[in-house]
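Encoded as structure tokens, the structure appears first; notes follow it.
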Amino acid sequence: MQKLDWAYMDHSEVMEILKGYYAEILDRTKYEIKKNGPLPQQRLDNMSTHLQQLNDLIDDGRDDLCEIWELDTDNPEDIYFYDSIKSVMDKYDLSFDADSNEYATMKAAYKFVRRNHIKDVMAYNDQVMNYSLLETSSSNSKEQINHCKPEHRLENVMNGYLKEQEPNITPRSFVEQRDCLHYLCDFFGKDYSVIKLDVGHVQDIKEALQNTPLGRNKGKLTKGLPLLEQITVVEQNDLDRLSSKSVNKYLGYFSSLFEWARRNRLVEENLFKGIKVKDSKKDNRRGMFAKDEIGLILQELQANKSGLIKNKSQYWGTLIAIYTGARRNEIGAILLPMSS
């Protein structure tokens, strides 16, 4: 790091350096508390003692504890303050000369930042156990989302999944999956924690898909708008919506993503598994024969107990349909070879 020129820095700039340094330490301590629980009592007692010492410095207008303890030394490395601030000076490549401007300015400001840092650590540690169950926070709170573990962020989960998929699928299929999965980011936000997904959220996004405009990022009325505004425009202007087939395609990709997340132990279960919408265009279509139904047909062809087989074309036509899946017109077009 380039050496800072303290001759042109005012007090606020000095404070920003100190605040930035201790903010990083505070973040590491907060993570430690989240992971391991409240700090040990001995550590808290030491912090309380140091906090009282810093308050004494501030109240007495002193810069170093050695001044309060009336210790006389000409060696900066014997001074309590020197050890405390050395890491800050190392990071910013500052001079350690006892009579330098850097040392004097940092010394005057240090006690305030250090005091506030300790107070913040102790306050954060205290709130881990001392809380009210009446306090609630919005599930959409930005602060909550930004403080979830990085591996649970929706964007990171998607990137991990797509990275594994890319070598195994065609470029076209990769782009299609990526674009469909980005719908989740548009709906929840890229910082959404996947562990917060519940049945209600799944139903919400299923409903949103059914009301999403066709070609939402290309249409004149919807291009460039946030997803929820696009859905509002659809309702106001009666625009074409995604087909049931397209909705199910999206839901299928969502299920694949969360199945991958489940296998990688990022979520406990895949809540998108089996989620589909009914395709109204297929309501009147005849379903496939079950195995036992095929068995009954074959038995009837062989025994003809009901007398349904009146001629050879009915017999052979049915067999060909069963074993080839050919349509009636395709079977009817079959020509027998001419006998010689």
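Residue numbering restarts at 1 in every chain; chains get A, B, ... in the order shown in the structure tokens, and ligands count up from 1 in that same order.
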List the neighbours of range 148-165 of chain A out to 7 Å using only C-alpha atoms; skip same-chain residues closer than 6 positions along the sequence, and give me the result as a list in words.
-> Lys190, Asp191, Tyr192, Ser193, Val194, Ile195, Leu257, Trp260 and Leu266 of chain A
Which neighbours of range 207-213 of chain A fall inside 7 Å, counting only C-alpha atoms, when residues of the same chain fewer than 4 positions from it are skipped, and could you give them as a PyMOL selection string?
-> chain A and resi 203+230-231+234+239-242+247
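Residues in contact range of Tyr183 in chain A, defined as at most 10 Å between only C-alpha atoms, with sequence neighbours fewer than 4 positions away removed, read A:Arg178, A:Asp179, A:Phe187, A:Phe188, A:Gly189, A:Ile205, A:Leu209, A:Leu227, A:Tyr250, A:Phe254.
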For Gly252 in chain A, list every protein, DNA or RNA residue within 9 Å, evaluated using only C-alpha atoms, and leave out those in the same chain fewer than 6 positions away; present the list as a list in words.
-> Phe272, Lys273, Gly274, Ile275 and Lys276 of chain A
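CA of Val277 in chain A sits 22.6 Å away from CA of Phe289 in chain A.
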Would you list the contacts of Ile294 in chain A as a PyMOL selection string, taking every protein, DNA or RNA residue within 12 Å and counting only C-alpha atoms, but skipping same-chain residues closer than 6 positions in sequence?
-> chain A and resi 288+300-301+318-319+321-323
